[in-house]
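**Q** Here it is: the structure, laid out below.
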Amino acid sequence: MFKFLGIEFPLIQAPMAGSQDIALAIAVANAGGLGSLPCALLSLDEMRSEITKFRTHSSKPLNVNFFCHENPVQNIERDLLWKKTLLPYYKEFHIDPSAAGTSNRFPFDDKTCELMEELKPEVISFHFGLPEKRLIDRVKKLGAKILSSATTVDEALWLEDHGCDAIIAQGLEAGGHRGIFLSKNLETQVGIMSLVPQIVDAVKVPVIAAGGIADERGARAAFALGASAIQVGTAYLFCPEARVSSVHLEALKKAKDNSTALTNIFTGRPARGLINRIMKEIGPMTSLAPEFPLAGGALAPLKSSGSNGDFMSLWSGQSASLCEVMSAADVTKKLGSIICG
Ligand SMILES: Cc1cc2nc3c(=O)[nH]c(=O)nc-3n(C[C@H](O)[C@H](O)[C@H](O)COP(=O)(O)O)c2cc1C
């Protein structure tokens with residue numbers, strides 16, 4: 001599949017909403033990997049402009065990435081309870097609780113599908129399952145290869161059955177949101193060492209290993225487990241082409257193996273990030289957080305409070321301490337040459 005796409009290395013730069021724009025995708029693509037554009041936080045106009053920029057700066061294929069959650073129904077009581085939980089912090093930083101913003105993540109829908117039909121990315125990847133069948137049929141018709149994340153063998157079989165051309169096996173080590181979609185039980189979640197070979201044995205389509213792969217050893221291990229490609233996120237956060245705040249980057253540089261946890265505080269869905277003050281004090285998991293993606297709205301005015309990322313999501317996988325500050329081209333060539341060497 002990756003040869004067919006004309007990619008030199010079977011290496012995908014993980015789409016990372018909020019932490020990158022098209023500059024990272026361009027750098028990775030031109031160095032021989034598959035560059036990705038995360039669209040969960042972008043308007044249609046922004047998607048168009050980013051993809052157009054990619055086509056100007058690279059002749060390589062592009063992966064465009066979408067969330068496909070259902071938009072939640074607003075629950076006023078739950079929102080009020082959440083704000084009440086955050087009240088001591090609003091008081092500490094003299095914030096008017098009515099200043100709380102909204103938090104949105106846009107799922108793939110008819111309008112985005114229409115835009116993709118026009119702009120024709122070579123690959124479209126999804127997180128949290130897949131959109132409904134009529135949209136998948138349209139994506140297939142436009143000729144894009146379809147990828148999505150599975151966190152269990154059951155999810156991998158479901159994705160294969162519903163039209164995925166390759167499965168991203170997302171191990172528990174992975175940074176950012178878990179792609180979990182058939183269950184809400186986090187105890188079902190599996191480390192990459194167990195997950196990859198079991199998904200490889202269960203499905204006929206290629207498997208892409210994701211989660212904690214940050215250096216040559218992780219890359220080699222993924223292929224030894226039967227993966228056909230790797231998807232790497234956290235290692236690319238250290239690149240100057242990523243859009244990571246200095247607070248986030250400094251925290252990543254100090255991270256150890258046990259510096260992260262899964263938390264639903266920032267969006268309402270479990271995601272792996274560096275443990276900070278708010279995760280310690282009201283989480284890391286809490287039943288008080290509103291449904292995804294609404295939890296983030298009440299936290300928005302607190303994000304800039306405190307000087308060291310006390311209230312912001314600092315997404316990271318478990319292998320941050322294996323990463324180094326280097327260009328996206330160097331990360332791509334370093335990992336890519338190991339896989340292909
Ligand atoms: C900062 C950050 C943001 C992420 N955002 C997305 C996203 O928008 N879409 C997506 O499919 N996956 C997202 N992920 C998950 C990645 O696709 C991938 O599973 C993960 O980065 C792999 O683990 P690693 O970070 O240890 O390499 C994100 C990961 C990180 C670290």
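Ligands are numbered from 1 in the order shown, residues from 1 within each chain, and chains are lettered A, B, ... in the order they appear in the structure tokens.
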Counting only C-alpha atoms, which residues of segment 163-202 of chain A sit at most 12 Å from some atom of segment 229-237 of chain A, and what is each one's closest atom pair with its distance in Å to one decimal, listed by chain and rising residue number, as a Markdown table?
**A**
```
| residue | atom | partner | partner_atom | distance |
| --- | --- | --- | --- | --- |
| A:Ala166 | CA | A:Ala229 | CA | 9.8 |
| A:Ile167 | CA | A:Ala229 | CA | 10.0 |
| A:Ile168 | CA | A:Gln231 | CA | 7.7 |
| A:Ala169 | CA | A:Gln231 | CA | 9.2 |
| A:Gln170 | CA | A:Gln231 | CA | 8.9 |
| A:Gly171 | CA | A:Gln231 | CA | 10.9 |
| A:Glu173 | CA | A:Thr234 | CA | 10.5 |
| A:Ala174 | CA | A:Gly233 | CA | 8.0 |
| A:Gly175 | CA | A:Thr234 | CA | 6.5 |
| A:Gly176 | CA | A:Gly233 | CA | 8.7 |
| A:His177 | CA | A:Gly233 | CA | 11.5 |
| A:Ile192 | CA | A:Ile230 | CA | 11.4 |
| A:Val196 | CA | A:Ile230 | CA | 10.7 |
| A:Val200 | CA | A:Ala229 | CA | 11.8 |
```
**Q** Since we have the selection now, will you write its residues out, keeping all heavy atoms, as a PDB file, in the first residue's frame?
**A**
```pdb
ATOM      1  N   ALA A 166      -6.280   0.067   5.713  1.00  0.00           N
ATOM      2  CA  ALA A 166      -5.207  -0.315   6.637  1.00  0.00           C
ATOM      3  C   ALA A 166      -5.649   0.108   8.031  1.00  0.00           C
ATOM      4  O   ALA A 166      -6.432   1.051   8.189  1.00  0.00           O
ATOM      5  CB  ALA A 166      -3.889   0.358   6.266  1.00  0.00           C
ATOM      6  N   ILE A 167      -5.133  -0.609   9.033  1.00  0.00           N
ATOM      7  CA  ILE A 167      -5.550  -0.336  10.424  1.00  0.00           C
ATOM      8  C   ILE A 167      -4.371   0.237  11.199  1.00  0.00           C
ATOM      9  O   ILE A 167      -3.269  -0.322  11.160  1.00  0.00           O
ATOM     10  CB  ILE A 167      -5.959  -1.660  11.141  1.00  0.00           C
ATOM     11  CG1 ILE A 167      -6.954  -2.478  10.310  1.00  0.00           C
ATOM     12  CG2 ILE A 167      -6.436  -1.397  12.561  1.00  0.00           C
ATOM     13  CD1 ILE A 167      -8.336  -1.949  10.265  1.00  0.00           C
ATOM     14  N   ILE A 168      -4.610   1.321  11.911  1.00  0.00           N
ATOM     15  CA  ILE A 168      -3.578   1.862  12.813  1.00  0.00           C
ATOM     16  C   ILE A 168      -3.799   1.204  14.177  1.00  0.00           C
ATOM     17  O   ILE A 168      -4.822   1.440  14.823  1.00  0.00           O
ATOM     18  CB  ILE A 168      -3.706   3.396  12.954  1.00  0.00           C
ATOM     19  CG1 ILE A 168      -3.633   4.074  11.576  1.00  0.00           C
ATOM     20  CG2 ILE A 168      -2.636   3.950  13.898  1.00  0.00           C
ATOM     21  CD1 ILE A 168      -4.245   5.465  11.536  1.00  0.00           C
ATOM     22  N   ALA A 169      -2.849   0.361  14.590  1.00  0.00           N
ATOM     23  CA  ALA A 169      -2.957  -0.292  15.900  1.00  0.00           C
ATOM     24  C   ALA A 169      -2.393   0.681  16.929  1.00  0.00           C
ATOM     25  O   ALA A 169      -1.176   0.866  17.025  1.00  0.00           O
ATOM     26  CB  ALA A 169      -2.175  -1.599  15.903  1.00  0.00           C
ATOM     27  N   GLN A 170      -3.282   1.330  17.683  1.00  0.00           N
ATOM     28  CA  GLN A 170      -2.833   2.374  18.619  1.00  0.00           C
ATOM     29  C   GLN A 170      -2.642   1.773  20.007  1.00  0.00           C
ATOM     30  O   GLN A 170      -3.604   1.483  20.728  1.00  0.00           O
ATOM     31  CB  GLN A 170      -3.852   3.525  18.678  1.00  0.00           C
ATOM     32  CG  GLN A 170      -3.308   4.744  19.413  1.00  0.00           C
ATOM     33  CD  GLN A 170      -4.381   5.754  19.790  1.00  0.00           C
ATOM     34  OE1 GLN A 170      -5.515   5.394  20.073  1.00  0.00           O
ATOM     35  NE2 GLN A 170      -4.017   7.029  19.810  1.00  0.00           N
ATOM     36  N   GLY A 171      -1.381   1.570  20.380  1.00  0.00           N
ATOM     37  CA  GLY A 171      -1.062   1.009  21.698  1.00  0.00           C
ATOM     38  C   GLY A 171      -1.343   1.996  22.814  1.00  0.00           C
ATOM     39  O   GLY A 171      -1.445   3.213  22.589  1.00  0.00           O
ATOM     40  N   GLU A 173       0.497   3.160  24.880  1.00  0.00           N
ATOM     41  CA  GLU A 173       1.597   4.114  25.097  1.00  0.00           C
ATOM     42  C   GLU A 173       1.363   5.450  24.389  1.00  0.00           C
ATOM     43  O   GLU A 173       2.030   6.445  24.673  1.00  0.00           O
ATOM     44  CB  GLU A 173       2.915   3.527  24.535  1.00  0.00           C
ATOM     45  CG  GLU A 173       3.358   2.209  25.146  1.00  0.00           C
ATOM     46  CD  GLU A 173       2.719   0.986  24.481  1.00  0.00           C
ATOM     47  OE1 GLU A 173       1.695   1.135  23.771  1.00  0.00           O
ATOM     48  OE2 GLU A 173       3.237  -0.115  24.690  1.00  0.00           O
ATOM     49  N   ALA A 174       0.458   5.463  23.415  1.00  0.00           N
ATOM     50  CA  ALA A 174       0.331   6.596  22.487  1.00  0.00           C
ATOM     51  C   ALA A 174      -0.048   7.903  23.172  1.00  0.00           C
ATOM     52  O   ALA A 174      -0.863   7.924  24.100  1.00  0.00           O
ATOM     53  CB  ALA A 174      -0.702   6.269  21.419  1.00  0.00           C
ATOM     54  N   GLY A 175       0.491   9.004  22.650  1.00  0.00           N
ATOM     55  CA  GLY A 175       0.110  10.333  23.111  1.00  0.00           C
ATOM     56  C   GLY A 175      -1.193  10.775  22.471  1.00  0.00           C
ATOM     57  O   GLY A 175      -1.600  10.265  21.434  1.00  0.00           O
ATOM     58  N   GLY A 176      -1.853  11.768  23.093  1.00  0.00           N
ATOM     59  CA  GLY A 176      -3.093  12.319  22.542  1.00  0.00           C
ATOM     60  C   GLY A 176      -4.290  11.410  22.800  1.00  0.00           C
ATOM     61  O   GLY A 176      -4.229  10.486  23.628  1.00  0.00           O
ATOM     62  N   HIS A 177      -5.383  11.702  22.068  1.00  0.00           N
ATOM     63  CA  HIS A 177      -6.623  10.960  22.322  1.00  0.00           C
ATOM     64  C   HIS A 177      -6.514   9.495  21.940  1.00  0.00           C
ATOM     65  O   HIS A 177      -5.958   9.155  20.899  1.00  0.00           O
ATOM     66  CB  HIS A 177      -7.776  11.590  21.539  1.00  0.00           C
ATOM     67  CG  HIS A 177      -8.279  12.839  22.170  1.00  0.00           C
ATOM     68  ND1 HIS A 177      -7.899  14.095  21.752  1.00  0.00           N
ATOM     69  CD2 HIS A 177      -9.117  13.018  23.222  1.00  0.00           C
ATOM     70  CE1 HIS A 177      -8.475  15.003  22.522  1.00  0.00           C
ATOM     71  NE2 HIS A 177      -9.210  14.381  23.425  1.00  0.00           N
ATOM     72  N   ILE A 192       1.332  -1.828  22.943  1.00  0.00           N
ATOM     73  CA  ILE A 192       1.636  -2.066  21.525  1.00  0.00           C
ATOM     74  C   ILE A 192       2.226  -3.466  21.273  1.00  0.00           C
ATOM     75  O   ILE A 192       1.945  -4.092  20.253  1.00  0.00           O
ATOM     76  CB  ILE A 192       2.575  -0.942  21.007  1.00  0.00           C
ATOM     77  CG1 ILE A 192       2.586  -0.913  19.489  1.00  0.00           C
ATOM     78  CG2 ILE A 192       3.945  -1.039  21.563  1.00  0.00           C
ATOM     79  CD1 ILE A 192       3.273   0.320  18.938  1.00  0.00           C
ATOM     80  N   VAL A 196      -0.194  -5.200  18.430  1.00  0.00           N
ATOM     81  CA  VAL A 196       0.170  -5.269  17.006  1.00  0.00           C
ATOM     82  C   VAL A 196       0.111  -6.711  16.466  1.00  0.00           C
ATOM     83  O   VAL A 196      -0.579  -6.969  15.476  1.00  0.00           O
ATOM     84  CB  VAL A 196       1.536  -4.583  16.740  1.00  0.00           C
ATOM     85  CG1 VAL A 196       2.016  -4.859  15.321  1.00  0.00           C
ATOM     86  CG2 VAL A 196       1.413  -3.091  16.979  1.00  0.00           C
ATOM     87  N   VAL A 200      -2.433  -8.047  13.626  1.00  0.00           N
ATOM     88  CA  VAL A 200      -1.847  -8.601  12.386  1.00  0.00           C
ATOM     89  C   VAL A 200      -2.443  -9.988  12.099  1.00  0.00           C
ATOM     90  O   VAL A 200      -2.803 -10.311  10.959  1.00  0.00           O
ATOM     91  CB  VAL A 200      -0.306  -8.674  12.498  1.00  0.00           C
ATOM     92  CG1 VAL A 200       0.298  -9.510  11.371  1.00  0.00           C
ATOM     93  CG2 VAL A 200       0.292  -7.259  12.495  1.00  0.00           C
TER      94      VAL A 200
END
```
**Q** Residues within 9 Å of ligand 1 (only C-alpha atoms and all ligand atoms), as an MDAnalysis selection string?
**A** chainID A and resid 13:20 37:41 65:67 125:128 148:149 168:179 209:214 230:237 244 271:273 313:320
**Q** Check segment 20-236 of chain A with DSSP on the backbone and list each residue it calls strand (DSSP E), as number ranges by chain.
**A** A: 35-38, 62-67, 123-127, 145-150, 166-170, 176-177, 207-210, 229-232
**Q** Would you mind exporting the chosen residues as a PDB file, in the first residue's frame, restricted to C-alpha atoms?
**A**
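What landed in again_5.pdb:
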```pdb
ATOM      1  CA  GLY A  35       2.753  13.858   6.038  1.00  0.00           C
ATOM      2  CA  SER A  36      -0.601  14.374   7.778  1.00  0.00           C
ATOM      3  CA  LEU A  37      -2.934  17.329   8.266  1.00  0.00           C
ATOM      4  CA  PRO A  38      -5.229  17.083  11.326  1.00  0.00           C
ATOM      5  CA  LEU A  62      -0.987  13.719   1.780  1.00  0.00           C
ATOM      6  CA  ASN A  63      -2.981  12.174   4.635  1.00  0.00           C
ATOM      7  CA  VAL A  64      -5.886  14.318   5.830  1.00  0.00           C
ATOM      8  CA  ASN A  65      -7.243  13.363   9.261  1.00  0.00           C
ATOM      9  CA  PHE A  66     -10.678  13.734  10.849  1.00  0.00           C
ATOM     10  CA  PHE A  67     -12.421  12.882  14.076  1.00  0.00           C
ATOM     11  CA  VAL A 123      -5.163   9.189   2.140  1.00  0.00           C
ATOM     12  CA  ILE A 124      -7.912  10.039   4.659  1.00  0.00           C
ATOM     13  CA  SER A 125      -7.521   8.819   8.225  1.00  0.00           C
ATOM     14  CA  PHE A 126     -10.113   8.823  10.985  1.00  0.00           C
ATOM     15  CA  HIS A 127     -10.017   8.722  14.789  1.00  0.00           C
ATOM     16  CA  LYS A 145      -7.115   5.181   0.942  1.00  0.00           C
ATOM     17  CA  ILE A 146      -8.926   4.952   4.292  1.00  0.00           C
ATOM     18  CA  LEU A 147      -7.161   4.450   7.633  1.00  0.00           C
ATOM     19  CA  SER A 148      -8.478   4.481  11.207  1.00  0.00           C
ATOM     20  CA  SER A 149      -7.182   3.715  14.692  1.00  0.00           C
ATOM     21  CA  ALA A 150      -8.021   0.500  16.549  1.00  0.00           C
ATOM     22  CA  ALA A 166      -5.207  -0.315   6.637  1.00  0.00           C
ATOM     23  CA  ILE A 167      -5.550  -0.336  10.424  1.00  0.00           C
ATOM     24  CA  ILE A 168      -3.578   1.862  12.813  1.00  0.00           C
ATOM     25  CA  ALA A 169      -2.957  -0.292  15.900  1.00  0.00           C
ATOM     26  CA  GLN A 170      -2.833   2.374  18.619  1.00  0.00           C
ATOM     27  CA  GLY A 176      -3.093  12.319  22.542  1.00  0.00           C
ATOM     28  CA  HIS A 177      -6.623  10.960  22.322  1.00  0.00           C
ATOM     29  CA  VAL A 207      -1.342  -2.842  10.066  1.00  0.00           C
ATOM     30  CA  ILE A 208       0.359   0.413  11.100  1.00  0.00           C
ATOM     31  CA  ALA A 209       1.870   0.409  14.611  1.00  0.00           C
ATOM     32  CA  ALA A 210       1.409   3.576  16.712  1.00  0.00           C
ATOM     33  CA  ALA A 229       4.284   0.757   8.681  1.00  0.00           C
ATOM     34  CA  ILE A 230       4.631   2.949  11.774  1.00  0.00           C
ATOM     35  CA  GLN A 231       2.807   6.122  12.831  1.00  0.00           C
ATOM     36  CA  VAL A 232       4.850   8.452  15.023  1.00  0.00           C
TER      37      VAL A 232
END
```
**Q** Can you list, as a compact mmCIF listing (two decimals) with all heavy atoms, in the first residue's frame, all residues belonging to segment 33-91 of chain A that DSSP tags as helix (DSSP H, G or I)?
**A**
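selection.txt written:
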```txt
# COMPACT_ATOMS: atom_id res chain seq x y z
N LEU A 44 -13.59 24.86 7.17
CA LEU A 44 -13.45 24.41 5.78
C LEU A 44 -12.45 25.28 5.02
O LEU A 44 -11.63 24.78 4.26
CB LEU A 44 -14.81 24.45 5.08
CG LEU A 44 -15.83 23.40 5.55
CD1 LEU A 44 -17.18 23.67 4.90
CD2 LEU A 44 -15.38 21.98 5.23
N ASP A 45 -12.51 26.59 5.26
CA ASP A 45 -11.59 27.50 4.56
C ASP A 45 -10.14 27.20 4.96
O ASP A 45 -9.23 27.24 4.12
CB ASP A 45 -11.91 28.96 4.91
CG ASP A 45 -13.14 29.43 4.15
OD1 ASP A 45 -13.55 28.73 3.21
OD2 ASP A 45 -13.69 30.49 4.52
N GLU A 46 -9.94 26.94 6.27
CA GLU A 46 -8.57 26.63 6.72
C GLU A 46 -8.08 25.32 6.10
O GLU A 46 -6.92 25.20 5.70
CB GLU A 46 -8.54 26.55 8.26
CG GLU A 46 -8.64 27.93 8.91
CD GLU A 46 -8.95 27.86 10.41
OE1 GLU A 46 -9.58 26.87 10.87
OE2 GLU A 46 -8.61 28.82 11.11
N MET A 47 -8.97 24.33 6.01
CA MET A 47 -8.56 23.05 5.39
C MET A 47 -8.13 23.29 3.95
O MET A 47 -7.10 22.82 3.50
CB MET A 47 -9.74 22.05 5.36
CG MET A 47 -10.12 21.48 6.69
SD MET A 47 -11.58 20.41 6.50
CE MET A 47 -12.30 20.60 8.11
N ARG A 48 -8.95 24.06 3.23
CA ARG A 48 -8.64 24.34 1.82
C ARG A 48 -7.28 25.03 1.69
O ARG A 48 -6.44 24.65 0.89
CB ARG A 48 -9.74 25.22 1.21
CG ARG A 48 -9.46 25.59 -0.25
CD ARG A 48 -10.43 26.65 -0.73
NE ARG A 48 -11.79 26.17 -0.77
CZ ARG A 48 -12.28 25.37 -1.72
NH1 ARG A 48 -11.52 24.98 -2.70
NH2 ARG A 48 -13.53 24.96 -1.68
N SER A 49 -7.07 26.04 2.55
CA SER A 49 -5.84 26.80 2.42
C SER A 49 -4.61 25.93 2.79
O SER A 49 -3.57 26.01 2.13
CB SER A 49 -5.99 28.06 3.27
OG SER A 49 -4.87 28.32 3.99
N GLU A 50 -4.74 25.10 3.82
CA GLU A 50 -3.61 24.24 4.22
C GLU A 50 -3.29 23.21 3.13
O GLU A 50 -2.12 22.98 2.80
CB GLU A 50 -3.94 23.52 5.53
CG GLU A 50 -4.01 24.44 6.75
CD GLU A 50 -2.64 24.89 7.22
OE1 GLU A 50 -2.12 25.87 6.66
OE2 GLU A 50 -2.09 24.27 8.14
N ILE A 51 -4.32 22.60 2.56
CA ILE A 51 -4.08 21.57 1.54
C ILE A 51 -3.50 22.21 0.27
O ILE A 51 -2.59 21.67 -0.37
CB ILE A 51 -5.38 20.76 1.26
CG1 ILE A 51 -5.76 19.99 2.52
CG2 ILE A 51 -5.19 19.80 0.08
CD1 ILE A 51 -7.11 19.30 2.48
N THR A 52 -3.99 23.41 -0.04
CA THR A 52 -3.45 24.11 -1.23
C THR A 52 -1.96 24.43 -1.00
O THR A 52 -1.13 24.28 -1.89
CB THR A 52 -4.26 25.42 -1.46
OG1 THR A 52 -5.63 25.07 -1.53
CG2 THR A 52 -3.85 26.11 -2.74
N LYS A 53 -1.64 24.85 0.23
CA LYS A 53 -0.24 25.15 0.56
C LYS A 53 0.63 23.89 0.39
O LYS A 53 1.74 23.94 -0.14
CB LYS A 53 -0.16 25.65 2.01
CG LYS A 53 0.95 26.63 2.25
CD LYS A 53 1.07 27.04 3.69
CE LYS A 53 0.11 28.11 4.14
NZ LYS A 53 0.20 28.38 5.59
N PHE A 54 0.08 22.76 0.85
CA PHE A 54 0.83 21.50 0.72
C PHE A 54 1.14 21.23 -0.76
O PHE A 54 2.27 20.91 -1.12
CB PHE A 54 0.02 20.34 1.31
CG PHE A 54 0.76 19.02 1.27
CD1 PHE A 54 1.61 18.64 2.31
CD2 PHE A 54 0.64 18.16 0.18
CE1 PHE A 54 2.31 17.44 2.26
CE2 PHE A 54 1.34 16.96 0.12
CZ PHE A 54 2.17 16.60 1.16
N ARG A 55 0.12 21.39 -1.60
CA ARG A 55 0.31 21.09 -3.04
C ARG A 55 1.32 22.04 -3.67
O ARG A 55 1.99 21.69 -4.63
CB ARG A 55 -1.03 21.19 -3.79
CG ARG A 55 -2.11 20.19 -3.33
CD ARG A 55 -1.71 18.75 -3.52
NE ARG A 55 -2.81 17.83 -3.22
CZ ARG A 55 -2.66 16.59 -2.77
NH1 ARG A 55 -1.45 16.10 -2.56
NH2 ARG A 55 -3.70 15.82 -2.54
N THR A 56 1.44 23.25 -3.13
CA THR A 56 2.42 24.20 -3.67
C THR A 56 3.84 23.79 -3.29
O THR A 56 4.78 24.01 -4.06
CB THR A 56 2.16 25.62 -3.09
OG1 THR A 56 0.78 25.88 -3.21
CG2 THR A 56 2.95 26.69 -3.80
N HIS A 57 3.98 23.19 -2.10
CA HIS A 57 5.33 22.92 -1.60
C HIS A 57 5.76 21.46 -1.70
O HIS A 57 6.89 21.12 -1.35
CB HIS A 57 5.45 23.38 -0.14
CG HIS A 57 5.41 24.87 0.00
ND1 HIS A 57 4.25 25.56 0.24
CD2 HIS A 57 6.39 25.79 -0.13
CE1 HIS A 57 4.52 26.85 0.28
NE2 HIS A 57 5.81 27.02 0.05
N ILE A 76 -26.99 21.07 30.47
CA ILE A 76 -26.75 22.28 31.27
C ILE A 76 -26.35 21.93 32.71
O ILE A 76 -25.42 22.52 33.26
CB ILE A 76 -28.02 23.17 31.29
CG1 ILE A 76 -28.52 23.41 29.87
CG2 ILE A 76 -27.79 24.46 32.07
CD1 ILE A 76 -28.12 24.68 29.20
N GLU A 77 -27.05 20.93 33.27
CA GLU A 77 -26.76 20.57 34.67
C GLU A 77 -25.31 20.11 34.83
O GLU A 77 -24.60 20.48 35.76
CB GLU A 77 -27.67 19.42 35.09
CG GLU A 77 -28.82 19.87 35.97
CD GLU A 77 -29.77 18.72 36.23
OE1 GLU A 77 -29.31 17.63 36.61
OE2 GLU A 77 -30.98 18.93 36.00
N ARG A 78 -24.90 19.26 33.87
CA ARG A 78 -23.54 18.74 33.93
C ARG A 78 -22.51 19.86 33.73
O ARG A 78 -21.47 19.90 34.40
CB ARG A 78 -23.38 17.66 32.85
CG ARG A 78 -22.32 16.65 33.20
CD ARG A 78 -22.42 15.45 32.32
NE ARG A 78 -21.19 14.69 32.41
CZ ARG A 78 -20.90 13.67 31.63
NH1 ARG A 78 -21.75 13.27 30.71
NH2 ARG A 78 -19.76 13.02 31.77
N ASP A 79 -22.82 20.77 32.83
CA ASP A 79 -21.92 21.91 32.59
C ASP A 79 -21.75 22.75 33.86
O ASP A 79 -20.64 23.17 34.21
CB ASP A 79 -22.47 22.82 31.49
CG ASP A 79 -22.37 22.16 30.12
OD1 ASP A 79 -21.75 21.08 30.03
OD2 ASP A 79 -22.93 22.71 29.16
N LEU A 80 -22.89 22.95 34.57
CA LEU A 80 -22.83 23.76 35.80
C LEU A 80 -22.01 23.06 36.88
O LEU A 80 -21.21 23.69 37.58
CB LEU A 80 -24.25 24.03 36.32
CG LEU A 80 -25.03 25.07 35.52
CD1 LEU A 80 -26.47 25.18 36.03
CD2 LEU A 80 -24.34 26.44 35.61
N LEU A 81 -22.19 21.74 36.96
CA LEU A 81 -21.44 20.95 37.94
C LEU A 81 -19.94 21.02 37.65
O LEU A 81 -19.10 21.13 38.55
CB LEU A 81 -21.92 19.50 37.88
CG LEU A 81 -21.49 18.58 39.01
CD1 LEU A 81 -21.98 19.11 40.35
CD2 LEU A 81 -22.04 17.16 38.78
N TRP A 82 -19.61 20.99 36.36
CA TRP A 82 -18.20 21.06 35.94
C TRP A 82 -17.60 22.41 36.31
O TRP A 82 -16.52 22.50 36.87
CB TRP A 82 -18.14 20.80 34.43
CG TRP A 82 -16.78 20.71 33.80
CD1 TRP A 82 -16.37 21.32 32.66
CD2 TRP A 82 -15.65 19.91 34.23
NE1 TRP A 82 -15.08 20.99 32.36
CE2 TRP A 82 -14.60 20.13 33.30
CE3 TRP A 82 -15.42 19.07 35.32
CZ2 TRP A 82 -13.35 19.51 33.43
CZ3 TRP A 82 -14.16 18.46 35.44
CH2 TRP A 82 -13.16 18.69 34.51
N LYS A 83 -18.39 23.47 36.06
CA LYS A 83 -17.90 24.82 36.41
C LYS A 83 -17.74 24.95 37.93
O LYS A 83 -16.82 25.61 38.42
CB LYS A 83 -18.85 25.88 35.90
CG LYS A 83 -18.61 26.22 34.44
CD LYS A 83 -19.36 27.48 34.09
CE LYS A 83 -19.29 27.74 32.61
NZ LYS A 83 -20.28 28.71 32.17
N LYS A 84 -18.66 24.30 38.66
CA LYS A 84 -18.58 24.34 40.13
C LYS A 84 -17.29 23.65 40.59
O LYS A 84 -16.61 24.11 41.52
CB LYS A 84 -19.80 23.63 40.72
CG LYS A 84 -20.17 24.12 42.07
CD LYS A 84 -21.52 23.55 42.48
CE LYS A 84 -21.52 23.31 43.96
NZ LYS A 84 -22.59 22.42 44.39
N THR A 85 -16.93 22.57 39.92
CA THR A 85 -15.69 21.86 40.26
C THR A 85 -14.48 22.75 40.02
O THR A 85 -13.48 22.68 40.75
CB THR A 85 -15.57 20.59 39.36
OG1 THR A 85 -16.79 19.88 39.43
CG2 THR A 85 -14.42 19.70 39.78
N LEU A 86 -14.58 23.59 38.99
CA LEU A 86 -13.43 24.45 38.64
C LEU A 86 -13.43 25.78 39.40
O LEU A 86 -12.46 26.54 39.31
CB LEU A 86 -13.42 24.72 37.12
CG LEU A 86 -13.32 23.48 36.22
CD1 LEU A 86 -13.43 23.88 34.75
CD2 LEU A 86 -12.01 22.73 36.45
N LEU A 87 -14.51 26.03 40.17
CA LEU A 87 -14.68 27.32 40.85
C LEU A 87 -13.46 27.75 41.69
O LEU A 87 -13.03 28.91 41.61
CB LEU A 87 -15.94 27.30 41.71
CG LEU A 87 -16.60 28.63 41.98
CD1 LEU A 87 -16.90 29.38 40.68
CD2 LEU A 87 -17.89 28.43 42.77
N PRO A 88 -12.86 26.85 42.48
CA PRO A 88 -11.69 27.28 43.27
C PRO A 88 -10.57 27.84 42.39
O PRO A 88 -9.86 28.76 42.80
CB PRO A 88 -11.22 25.98 43.96
CG PRO A 88 -12.41 25.07 43.92
CD PRO A 88 -13.23 25.45 42.73
N TYR A 89 -10.42 27.30 41.17
CA TYR A 89 -9.37 27.80 40.27
C TYR A 89 -9.76 29.16 39.69
O TYR A 89 -8.92 30.05 39.56
CB TYR A 89 -9.11 26.80 39.13
CG TYR A 89 -8.71 25.43 39.63
CD1 TYR A 89 -9.54 24.33 39.44
CD2 TYR A 89 -7.51 25.26 40.30
CE1 TYR A 89 -9.17 23.09 39.91
CE2 TYR A 89 -7.13 24.01 40.78
CZ TYR A 89 -7.97 22.92 40.58
OH TYR A 89 -7.61 21.70 41.05
N TYR A 90 -11.04 29.31 39.33
CA TYR A 90 -11.48 30.63 38.83
C TYR A 90 -11.20 31.68 39.90
O TYR A 90 -10.74 32.79 39.61
CB TYR A 90 -12.98 30.63 38.51
CG TYR A 90 -13.41 29.76 37.34
CD1 TYR A 90 -14.64 29.10 37.37
CD2 TYR A 90 -12.63 29.61 36.21
CE1 TYR A 90 -15.07 28.32 36.31
CE2 TYR A 90 -13.05 28.83 35.14
CZ TYR A 90 -14.27 28.19 35.19
OH TYR A 90 -14.69 27.42 34.15
N LYS A 91 -11.51 31.31 41.17
CA LYS A 91 -11.29 32.27 42.27
C LYS A 91 -9.81 32.59 42.41
O LYS A 91 -9.42 33.75 42.54
CB LYS A 91 -11.82 31.68 43.58
CG LYS A 91 -13.32 31.79 43.68
CD LYS A 91 -13.77 31.55 45.12
CE LYS A 91 -15.28 31.66 45.19
NZ LYS A 91 -15.87 30.66 46.09
```
**Q** Excluding Ala329 of chain A and residues on its chain fewer than 3 positions from it, collect all residues at most 9 Å away from it, counting only C-alpha atoms, and give them as a list in words.
**A**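 Result of the neighbour search: Ala27, Val28, Ala29, Asn30, Ala31, Gly32, Gly33, Met326, Thr332, Lys333 and Lys334 of chain A.
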**Q** Calculated over only C-alpha atoms, which of the candidates A:Ala224, A:Ala242, A:Leu288, A:His94 has the smallest distance to Ala25 of chain A?
**A** A:Ala242
**Q** Take atom CA of Asp215 of chain A and atom CA of Asp257 of chain A and report the distance between them in Å, one decimal.
**A**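 So the two atoms, atom CA of Asp215 of chain A and atom CA of Asp257 of chain A, lie 14.3 Å apart.
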**Q** With distances taken over only C-alpha atoms, which of A:Glu122, A:Asn75, A:Asn104, A:Ala99 is nearest to Ser59 of chain A?
**A**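 For Ser59 of chain A, the nearest of the given residues is A:Glu122.
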**Q** What lies within 9 Å of Glu118 of chain A using only C-alpha atoms, ignoring chain neighbours under 4 positions off, as a list of chain:residue names?
**A**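 Returned residues: A:Cys113, A:Glu114, A:Leu142.
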